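coords-v7.cif, holding mmCIF, C-alpha atoms:
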```
data_model
loop_
_atom_site.label_atom_id
_atom_site.label_comp_id
_atom_site.auth_asym_id
_atom_site.auth_seq_id
_atom_site.Cartn_x
_atom_site.Cartn_y
_atom_site.Cartn_z
CA MET T 1228 74.54 135.54 130.00
CA ASN T 1229 77.51 133.86 128.39
CA TYR T 1230 80.92 133.67 129.89
CA LEU T 1231 84.45 133.51 128.56
CA PRO T 1232 87.19 133.30 131.16
CA ASP T 1233 90.09 135.66 130.63
CA GLY T 1234 93.18 136.75 132.50
CA GLU T 1235 93.65 134.95 135.81
CA HIS T 1236 90.47 132.82 135.43
CA ARG T 1237 91.58 131.51 132.09
CA ARG T 1238 95.10 130.84 133.37
CA GLN T 1239 93.69 128.82 136.30
CA LEU T 1240 91.33 126.84 134.06
CA ILE T 1241 94.12 125.91 131.64
CA ALA T 1242 96.51 125.06 134.51
CA ALA T 1243 93.89 122.73 136.06
CA LEU T 1244 93.17 121.12 132.70
CA ARG T 1245 96.87 120.51 132.18
CA ALA T 1246 97.24 119.03 135.68
CA SER T 1247 94.28 116.71 135.01
CA ARG T 1248 96.12 115.34 131.94
CA LEU T 1249 92.77 115.07 130.15
CA GLY T 1250 92.71 115.43 126.38
CA VAL T 1251 89.81 117.38 124.83
CA GLU T 1252 88.19 114.10 123.79
CA GLU T 1253 88.27 112.64 127.29
CA LEU T 1254 87.25 115.96 128.87
CA TRP T 1255 84.28 116.21 126.55
CA LEU T 1256 83.16 112.64 127.35
CA ARG T 1257 83.25 113.39 131.09
CA TYR T 1258 81.50 116.74 130.59
CA PHE T 1259 78.88 115.00 128.47
CA ALA T 1260 78.35 112.36 131.18
CA LEU T 1261 77.64 115.18 133.65
CA GLY T 1262 74.88 116.46 131.36
CA GLY T 1263 76.89 118.97 129.29
CA GLU T 1264 75.11 120.25 126.21
CA VAL T 1265 77.71 121.52 123.74
CA GLY T 1266 79.93 119.50 121.40
CA ARG T 1267 83.61 118.74 121.40
CA MET T 1268 84.39 121.52 118.89
CA GLU T 1269 82.73 124.12 121.11
CA ILE T 1270 84.65 122.88 124.16
CA GLU T 1271 87.88 123.21 122.25
CA ALA T 1272 86.95 126.73 121.06
CA TYR T 1273 85.99 127.68 124.63
CA LEU T 1274 89.32 126.47 126.01
CA ASN T 1275 91.09 128.46 123.29
CA GLY T 1276 89.20 131.59 124.34
CA LEU T 1277 87.24 131.79 121.09
CA LEU T 1278 83.66 130.96 122.06
CA PRO T 1279 81.73 132.05 125.16
CA LEU T 1280 79.53 129.52 126.96
CA SER T 1281 76.87 129.80 129.69
CA ARG T 1282 78.04 129.78 133.30
CA LEU T 1283 76.43 126.35 133.75
CA GLN T 1284 78.36 124.85 130.82
CA HIS T 1285 81.53 126.41 132.23
CA ASP T 1286 80.83 124.88 135.63
CA LEU T 1287 80.24 121.45 134.08
CA ILE T 1288 83.60 121.68 132.28
CA ALA T 1289 85.30 122.84 135.49
CA HIS T 1290 83.63 120.05 137.45
CA ALA T 1291 84.66 117.39 134.93
CA ILE T 1292 88.27 118.60 135.34
CA ASN T 1293 88.00 118.71 139.14
CA GLU T 1294 86.52 115.21 139.42
CA ARG T 1295 89.47 113.94 137.39
CA LEU T 1296 91.89 115.83 139.65
CA ASP T 1297 90.27 114.18 142.69
CA GLU T 1298 90.62 110.77 141.05
CA ILE T 1299 94.34 111.15 140.46
CA ALA T 1300 95.08 113.05 143.68
CA PRO T 1301 97.28 111.33 146.27
CA PRO T 1302 95.38 109.67 149.14
CA ARG T 1303 94.17 111.98 151.94
CA ALA T 1304 94.51 111.31 155.65
CA PRO T 1305 91.17 110.58 157.37
CA TYR T 1306 89.95 112.84 160.23
CA ALA T 1307 88.96 111.39 163.60
CA ALA T 1308 85.28 111.87 162.67
CA ASP T 1309 85.78 109.75 159.54
CA LEU T 1310 87.33 106.97 161.62
CA SER T 1311 84.56 106.93 164.27
CA ASP T 1312 81.93 106.95 161.51
CA ARG T 1313 83.32 103.67 160.33
CA ASP T 1314 83.17 102.21 163.85
CA ASP T 1315 79.51 103.24 164.20
CA ASP T 1316 77.94 101.59 161.21
CA GLY T 1317 80.71 100.38 158.94
CA ASP T 1318 79.47 102.57 156.10
CA PRO T 1319 81.00 106.04 156.11
CA GLY T 1320 79.38 106.97 152.76
CA GLU T 1321 75.90 106.45 154.17
CA SER T 1322 76.47 108.47 157.33
CA ARG T 1323 78.07 111.34 155.43
CA GLY T 1324 75.03 111.32 153.16
CA ALA T 1325 72.74 111.78 156.15
CA GLY T 1326 74.86 114.71 157.30
CA THR T 1327 74.42 116.53 153.99
CA ASP T 1328 70.67 116.00 154.02
CA SER T 1329 70.35 117.60 157.44
CA ASP T 1330 72.03 120.75 156.06
CA ARG T 1331 68.98 121.57 154.00
CA MET D 309 113.22 69.88 98.88
CA ALA D 310 109.50 69.48 98.99
CA GLU D 311 109.25 71.72 102.07
CA SER D 312 110.65 74.75 100.29
CA GLN D 313 107.84 74.77 97.69
CA GLY D 314 105.42 76.53 100.01
CA PRO D 315 101.68 76.82 99.59
CA THR D 316 100.20 77.65 96.20
CA PRO D 317 98.37 80.98 95.72
CA ASP D 318 95.10 79.09 96.24
CA ALA D 319 96.31 77.81 99.57
CA TRP D 320 97.30 81.36 100.57
CA ALA D 321 93.85 82.58 99.66
CA ALA D 322 92.37 79.90 101.88
CA VAL D 323 94.67 80.83 104.76
CA PHE D 324 93.72 84.52 104.57
CA ALA D 325 90.06 83.70 104.20
CA ARG D 326 90.32 81.68 107.39
CA MET D 327 92.06 84.60 109.08
CA ALA D 328 89.37 87.05 107.97
CA GLY D 329 86.75 84.59 109.20
CA VAL D 330 88.46 84.55 112.57
CA LEU D 331 88.08 88.30 112.86
CA MET D 332 84.40 88.14 112.07
CA THR D 333 83.31 85.11 114.03
CA GLU D 334 85.70 84.84 116.99
CA GLN D 335 86.30 88.02 118.89
CA THR D 336 88.66 86.91 121.59
CA VAL D 337 92.33 87.65 121.27
CA THR D 338 93.36 84.21 122.45
CA THR D 339 91.37 82.44 119.80
CA VAL D 340 92.87 84.60 117.07
CA LEU D 341 96.40 84.01 118.34
CA GLU D 342 95.82 80.27 118.56
CA SER D 343 94.46 80.21 115.03
CA ILE D 344 97.52 82.07 113.74
CA THR D 345 99.93 79.62 115.39
CA SER D 346 97.99 76.65 114.12
CA LEU D 347 97.95 78.10 110.60
CA ALA D 348 101.69 78.89 110.76
CA LYS D 349 102.45 75.30 111.72
CA ASP D 350 100.39 74.01 108.78
CA THR D 351 101.94 76.59 106.44
CA LEU D 352 105.50 75.31 106.90
CA PRO D 353 105.70 71.57 106.29
CA GLY D 354 107.98 69.72 108.69
CA SER D 355 107.01 71.94 111.64
CA ASP D 356 106.09 70.25 114.89
CA GLY D 357 104.87 73.33 116.68
CA SER D 358 104.36 77.04 116.46
CA GLY D 359 104.18 79.87 118.94
CA LEU D 360 103.42 83.55 118.93
CA THR D 361 104.41 86.19 121.45
CA LEU D 362 103.17 89.76 121.60
CA VAL D 363 105.30 92.32 123.39
CA ASP D 364 104.54 95.75 124.83
CA GLU D 365 106.49 98.96 124.08
CA GLY D 366 109.30 97.90 126.40
CA SER D 367 109.75 94.49 124.68
CA ASN D 368 108.17 92.72 127.66
CA ARG D 369 106.11 89.66 126.89
CA SER D 370 102.41 90.50 127.13
CA THR D 371 100.41 87.75 125.45
CA SER D 372 101.34 84.46 123.91
CA ALA D 373 99.85 81.45 122.23
CA ALA D 374 101.29 78.13 121.19
CA THR D 375 100.19 74.94 119.49
CA GLY D 376 101.17 72.85 122.50
CA PRO D 377 102.54 72.94 126.04
CA LEU D 378 106.12 72.18 124.94
CA VAL D 379 106.26 75.20 122.64
CA GLU D 380 104.62 77.34 125.31
CA ARG D 381 107.27 76.24 127.82
CA LEU D 382 110.21 76.86 125.46
CA ASP D 383 108.85 80.35 124.68
CA ALA D 384 108.36 81.20 128.33
CA LEU D 385 111.87 79.95 129.03
CA GLN D 386 113.33 82.51 126.60
CA TYR D 387 111.79 85.34 128.59
CA GLU D 388 112.91 83.82 131.89
CA LEU D 389 116.50 83.36 130.69
CA GLY D 390 116.50 86.61 128.75
CA GLU D 391 117.87 84.89 125.65
CA GLY D 392 116.62 82.90 122.70
CA PRO D 393 115.90 83.17 118.99
CA CYS D 394 112.48 84.79 119.46
CA LEU D 395 113.82 87.44 121.80
CA THR D 396 116.52 88.25 119.26
CA ALA D 397 113.87 88.43 116.52
CA VAL D 398 111.82 90.89 118.61
CA ARG D 399 114.69 93.02 119.92
CA ASP D 400 116.60 93.32 116.66
CA SER D 401 113.50 93.03 114.46
CA VAL D 402 115.21 90.43 112.27
CA THR D 403 114.42 86.93 111.04
CA VAL D 404 116.27 84.32 113.07
CA ARG D 405 116.81 80.81 111.70
CA VAL D 406 118.33 78.00 113.71
CA ASP D 407 119.32 74.93 111.69
CA ASP D 408 120.52 72.73 114.51
CA LEU D 409 119.97 73.76 118.11
CA GLY D 410 122.54 71.24 119.32
CA ASN D 411 125.23 73.08 117.35
CA ASP D 412 124.29 76.69 117.77
CA PRO D 413 126.39 78.84 120.12
CA ARG D 414 124.16 81.95 120.07
CA TRP D 415 121.93 81.21 123.10
CA PRO D 416 123.84 78.61 125.15
CA ASP D 417 121.42 78.26 128.08
CA TRP D 418 118.21 78.27 126.12
CA SER D 419 119.46 76.08 123.24
CA ALA D 420 120.65 73.36 125.63
CA ARG D 421 117.23 73.19 127.30
CA ALA D 422 115.37 73.30 123.97
CA ALA D 423 117.57 70.57 122.48
CA GLU D 424 116.99 68.49 125.62
CA ALA D 425 113.25 68.87 125.05
CA GLY D 426 113.70 67.42 121.56
CA MET D 427 113.70 70.56 119.40
CA SER D 428 116.23 70.78 116.58
CA ALA D 429 115.37 73.65 114.27
CA SER D 430 113.46 76.88 114.61
CA LEU D 431 112.50 79.90 112.59
CA SER D 432 111.44 83.17 114.27
CA ILE D 433 110.00 86.12 112.39
CA PRO D 434 109.24 89.55 113.88
CA LEU D 435 105.64 90.73 113.55
CA ARG D 436 105.94 94.28 112.24
CA TYR D 437 103.23 96.77 111.52
CA ALA D 438 103.56 100.51 110.80
CA GLY D 439 107.19 100.56 111.89
CA ARG D 440 106.53 98.88 115.21
CA THR D 441 107.47 95.36 116.27
CA LEU D 442 104.40 93.78 117.84
CA GLY D 443 106.06 90.49 118.72
CA ALA D 444 107.33 87.39 116.99
CA LEU D 445 105.98 84.29 115.34
CA LYS D 446 108.01 81.07 115.36
CA VAL D 447 107.89 77.51 114.20
CA TYR D 448 109.84 74.60 115.63
CA SER D 449 110.85 71.25 114.26
CA THR D 450 112.22 68.13 115.92
CA ARG D 451 114.38 67.54 112.83
CA PRO D 452 117.48 69.64 112.01
CA HIS D 453 117.90 71.65 108.79
CA VAL D 454 114.19 71.71 108.04
CA TYR D 455 113.97 75.42 107.30
CA THR D 456 115.49 77.14 104.27
CA ALA D 457 115.65 80.65 102.80
CA ASP D 458 112.32 79.85 101.12
CA SER D 459 110.80 78.98 104.51
CA GLU D 460 111.94 82.39 105.76
CA ASP D 461 110.22 84.04 102.83
CA ILE D 462 107.00 82.06 103.30
CA LEU D 463 106.77 82.56 107.06
CA GLY D 464 107.73 86.22 106.52
CA ARG D 465 104.79 86.77 104.21
CA PHE D 466 102.54 84.93 106.62
CA ALA D 467 103.80 87.09 109.49
CA ASP D 468 103.06 90.27 107.48
CA GLN D 469 99.43 89.22 107.18
CA ALA D 470 99.24 88.12 110.79
CA ALA D 471 100.68 91.49 111.91
CA ILE D 472 98.00 93.38 109.95
CA LEU D 473 95.35 91.23 111.61
CA LEU D 474 96.88 91.68 115.07
CA ALA D 475 97.29 95.44 114.69
CA ASN D 476 93.67 95.80 113.61
CA MET D 477 92.46 93.48 116.32
CA HIS D 478 94.09 95.89 118.75
CA THR D 479 92.19 98.77 117.15
CA LEU D 480 89.03 96.71 117.36
CA SER D 481 89.36 96.12 121.09
CA GLU D 482 90.10 99.84 121.60
CA ALA D 483 86.93 100.67 119.67
CA GLU D 484 85.01 98.29 121.91
CA ALA D 485 86.47 99.99 124.99
CA LEU D 486 85.42 103.39 123.63
CA GLU D 487 81.92 102.14 122.94
CA GLU D 488 81.71 100.81 126.49
CA ARG D 489 82.82 104.20 127.84
CA LEU D 490 80.29 106.02 125.69
CA LEU D 491 77.53 103.78 127.03
CA GLN D 492 78.74 104.43 130.58
CA ALA D 493 78.74 108.20 129.89
CA LEU D 494 75.15 107.92 128.64
CA ARG D 495 74.11 105.96 131.73
CA ASP D 496 75.72 108.57 134.01
CA ARG D 497 74.10 111.39 132.11
CA ASP D 498 70.69 109.77 132.44
CA LEU D 499 71.15 109.17 136.16
CA ILE D 500 72.25 112.78 136.70
CA ALA D 501 69.30 114.11 134.67
CA THR D 502 66.92 112.06 136.83
CA ALA D 503 68.53 113.41 140.01
CA LYS D 504 68.28 116.93 138.57
CA GLY D 505 64.51 116.49 138.16
CA ILE D 506 64.15 115.27 141.73
CA VAL D 507 66.16 118.22 143.09
CA MET D 508 64.05 120.66 141.00
CA LEU D 509 60.86 119.34 142.62
CA ARG D 510 62.22 118.98 146.13
CA GLU D 511 63.96 122.31 146.35
CA ASN D 512 61.79 124.24 143.92
CA LEU D 513 64.73 125.17 141.70
CA ASP D 514 64.95 125.74 137.97
CA ALA D 515 66.89 123.20 135.86
CA ASP D 516 70.19 125.10 135.82
CA ARG D 517 70.13 125.78 139.55
CA ALA D 518 69.35 122.13 140.24
CA VAL D 519 72.46 121.10 138.31
CA GLN D 520 74.50 123.71 140.19
CA ARG D 521 73.16 122.18 143.42
CA LEU D 522 74.37 118.72 142.36
CA LEU D 523 77.80 120.14 141.50
CA GLU D 524 77.96 121.86 144.92
CA LEU D 525 77.06 118.65 146.77
CA SER D 526 79.69 116.77 144.79
CA ALA D 527 82.38 119.40 145.47
CA GLN D 528 81.53 119.70 149.20
CA ARG D 529 81.66 115.97 149.80
CA ARG D 530 84.45 115.26 147.33
CA ILE D 531 82.48 112.49 145.67
CA ALA D 532 81.53 112.23 142.00
CA VAL D 533 78.30 113.87 140.79
CA ARG D 534 77.33 110.39 139.59
CA GLU D 535 77.42 109.11 143.17
CA VAL D 536 75.48 112.12 144.51
CA ALA D 537 72.88 111.49 141.80
CA ALA D 538 72.68 107.78 142.61
CA GLU D 539 71.99 108.58 146.29
CA ILE D 540 69.29 111.10 145.41
CA VAL D 541 67.58 108.69 143.01
CA ALA D 542 67.82 105.87 145.55
CA SER D 543 66.35 108.11 148.28
CA THR D 544 63.05 108.41 146.38
CA HIS D 545 62.52 104.65 146.73
CA THR D 546 62.71 104.76 150.51
CA GLU D 547 60.37 107.76 150.60
CA THR D 548 57.60 106.21 148.54
CA VAL D 549 57.77 102.66 149.94
#
```

Can you dump the structure from the file as structure tokens?
Amino acid sequence: MNYLPDGEHRRQLIAALRASRLGVEELWLRYFALGGEVGRMEIEAYLNGLLPLSRLQHDLIAHAINERLDEIAPPRAPYAADLSDRDDDGDPGESRGAGTDSDR
Amino acid sequence: MAESQGPTPDAWAAVFARMAGVLMTEQTVTTVLESITSLAKDTLPGSDGSGLTLVDEGSNRSTSAATGPLVERLDALQYELGEGPCLTAVRDSVTVRVDDLGNDPRWPDWSARAAEAGMSASLSIPLRYAGRTLGALKVYSTRPHVYTADSEDILGRFADQAAILLANMHTLSEAEALEERLLQALRDRDLIATAKGIVMLRENLDADRAVQRLLELSAQRRIAVREVAAEIVASTHTETV
């Protein structure tokens, strides 16, 4: 069940990669850190539309790009809930974690 | 003049052997720079001090080393005043020789201060490697007219070797940075694989779906997968204790 983005999907992927300013080398390292399984050559071939990859490998590439985009994104304004979280226990990360657990 | 003789080929061999030894035994940039300045001072007889400045792409001073506080101060002063023989050597990538600081009109502010501090002559050589100027190496003397055309040639050859060492030292520290990043990538990957296993058991998912779940959590909360994984791994401690 391999996947090779074309048309609008491919355009979006390439646009995001360009915005992330990641080179193939750096992208591969981040993808690898996330648990990606294919090599640098395959990533390059995939980005050039030459080699299909599984949906999971695609998502890991996309996620590596998106994490980078979050890192370099301008700061975001906090919501009221974020601010009161901090007043409650001084650790917003912890309380948000509890919120996600209760979703399950 | 005895000074213009320069070191014999044997002495050069010893100097370069010491430089190579530096690369192998001492890894810190500062130590290497200090060794180069100390060697430069010994290489040109009559020198009372030596300094080295590395610059970034915009010719701004980035790192420096000197054989003593006076040399360090005179070098720093050049960058504060925006003038001086070393700055000229870096900017124009040329050798700059000053025979008598008290009678040299080229850098009026700096020369006056340097002469006041007791310096009389200086020789500054750009450090060039692969078409780029990395910085400058200079020697100072408290006596005028110490340096000659031969001194320029000798310090020039010394600077060529120093530049090769410095350029490769740079590559070396980049390689170390890459190795550190590779190790970090491996640590992250291991952490995420552990979290994947925990999610597979907890939520009864296959391996691929467990990874998808981690990606979803990361995207929803706008935090890195690494952090999601760290929380999940940490949560097993509190459960079992």

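Closest approach to chain D among T:Glu1271, T:Glu1298, T:Asp1309, T:Asp1233 is made by T:Glu1298 (distances from only C-alpha atoms).
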
- [ ] With a cut-off of 9 Å and counting all atoms listed in the file, select all residues of chain D in contact with chain T and give the selection as a PyMOL selection string.
- [x] chain D and resi 489-490+492-498+500-501+516-517+519-520+523+525-527+529-534+536+539

Selected residues written out with C-alpha atoms, as an mmCIF file, keeping the file's coordinate frame:
```
data_model
loop_
_atom_site.group_PDB
_atom_site.id
_atom_site.type_symbol
_atom_site.label_atom_id
_atom_site.label_comp_id
_atom_site.auth_asym_id
_atom_site.auth_seq_id
_atom_site.Cartn_x
_atom_site.Cartn_y
_atom_site.Cartn_z
ATOM 1 C CA ARG D 489 82.820 104.200 127.840
ATOM 2 C CA LEU D 490 80.290 106.020 125.690
ATOM 3 C CA GLN D 492 78.740 104.430 130.580
ATOM 4 C CA ALA D 493 78.740 108.200 129.890
ATOM 5 C CA LEU D 494 75.150 107.920 128.640
ATOM 6 C CA ARG D 495 74.110 105.960 131.730
ATOM 7 C CA ASP D 496 75.720 108.570 134.010
ATOM 8 C CA ARG D 497 74.100 111.390 132.110
ATOM 9 C CA ASP D 498 70.690 109.770 132.440
ATOM 10 C CA ILE D 500 72.250 112.780 136.700
ATOM 11 C CA ALA D 501 69.300 114.110 134.670
ATOM 12 C CA ASP D 516 70.190 125.100 135.820
ATOM 13 C CA ARG D 517 70.130 125.780 139.550
ATOM 14 C CA VAL D 519 72.460 121.100 138.310
ATOM 15 C CA GLN D 520 74.500 123.710 140.190
ATOM 16 C CA LEU D 523 77.800 120.140 141.500
ATOM 17 C CA LEU D 525 77.060 118.650 146.770
ATOM 18 C CA SER D 526 79.690 116.770 144.790
ATOM 19 C CA ALA D 527 82.380 119.400 145.470
ATOM 20 C CA ARG D 529 81.660 115.970 149.800
ATOM 21 C CA ARG D 530 84.450 115.260 147.330
ATOM 22 C CA ILE D 531 82.480 112.490 145.670
ATOM 23 C CA ALA D 532 81.530 112.230 142.000
ATOM 24 C CA VAL D 533 78.300 113.870 140.790
ATOM 25 C CA ARG D 534 77.330 110.390 139.590
ATOM 26 C CA VAL D 536 75.480 112.120 144.510
ATOM 27 C CA GLU D 539 71.990 108.580 146.290
#
```

TODO: In Å, rounded to a single decimal, give me how far atom CA of His545 of chain D is from atom CA of Ser1311 of chain T.
DONE: 28.3 Å

For the structure shown, which residues end up in the PyMOL selection byres ((chain T and resi 1274-1279) around 6)? Put them as an mmCIF file with C-alpha atoms, in the coordinates of the input, please?
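Wrote selection15.cif, looks like this:
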```
data_model
loop_
_atom_site.group_PDB
_atom_site.id
_atom_site.type_symbol
_atom_site.label_atom_id
_atom_site.label_comp_id
_atom_site.auth_asym_id
_atom_site.auth_seq_id
_atom_site.Cartn_x
_atom_site.Cartn_y
_atom_site.Cartn_z
ATOM 1 C CA ASN T 1229 77.510 133.860 128.390
ATOM 2 C CA TYR T 1230 80.920 133.670 129.890
ATOM 3 C CA LEU T 1231 84.450 133.510 128.560
ATOM 4 C CA GLU T 1271 87.880 123.210 122.250
ATOM 5 C CA ALA T 1272 86.950 126.730 121.060
ATOM 6 C CA TYR T 1273 85.990 127.680 124.630
ATOM 7 C CA LEU T 1280 79.530 129.520 126.960
#
```

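Each of D:Arg521, D:Lys504, D:Arg414, D:Arg405 was compared to Val447 of chain D using only C-alpha atoms, and D:Arg405 turns out to be the nearest.
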
Task: Reference answer for the PyMOL selection byres ((chain D and resi 400-403) around 8), as a ChimeraX atom specification - done: /D:396-399,404-405,431-434,436,441,460

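Across the model, the gap from atom CA of Asp458 of chain D to atom CA of Trp415 of chain D is 24.0 Å.
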
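Shell of Ala1243 of chain T at 9 Å, with only C-alpha atoms counted and residues fewer than 2 places along the chain excluded, is Arg1238, Gln1239, Leu1240, Ile1241, Arg1245, Ala1246, Ser1247, Arg1248, Ala1289, Ile1292, Asn1293 and Leu1296 of chain T.
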
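Picked out by the PyMOL selection byres ((chain D and resi 456) around 9) when it runs on this file: D:Glu311, D:Ser312, D:Arg405, D:Asp407, D:His453, D:Val454, D:Tyr455, D:Ala457, D:Asp458, D:Ser459, D:Glu460, D:Asp461.
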
Hey, can you spit out that residue selection with C-alpha atoms as a PDB file, keeping the file's coordinate frame?
```pdb
ATOM      1  CA  GLU D 311     109.250  71.720 102.070  1.00  0.00           C
ATOM      2  CA  SER D 312     110.650  74.750 100.290  1.00  0.00           C
ATOM      3  CA  ARG D 405     116.810  80.810 111.700  1.00  0.00           C
ATOM      4  CA  ASP D 407     119.320  74.930 111.690  1.00  0.00           C
ATOM      5  CA  HIS D 453     117.900  71.650 108.790  1.00  0.00           C
ATOM      6  CA  VAL D 454     114.190  71.710 108.040  1.00  0.00           C
ATOM      7  CA  TYR D 455     113.970  75.420 107.300  1.00  0.00           C
ATOM      8  CA  ALA D 457     115.650  80.650 102.800  1.00  0.00           C
ATOM      9  CA  ASP D 458     112.320  79.850 101.120  1.00  0.00           C
ATOM     10  CA  SER D 459     110.800  78.980 104.510  1.00  0.00           C
ATOM     11  CA  GLU D 460     111.940  82.390 105.760  1.00  0.00           C
ATOM     12  CA  ASP D 461     110.220  84.040 102.830  1.00  0.00           C
TER      13      ASP D 461
END
```

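Computed from the coordinates, the atom CA of Thr345 of chain D to atom CA of Ser419 of chain D distance equals 21.3 Å.
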
Box for segment 1235-1242 of chain T - axis-aligned, 4 Å on each of the six sides, all listed atoms - centre and size in Å to one decimal, as AutoDock Vina command-line options.
```
--center_x 93.5 --center_y 130.0 --center_z 134.0 --size_x 14.0 --size_y 17.9 --size_z 12.7
```
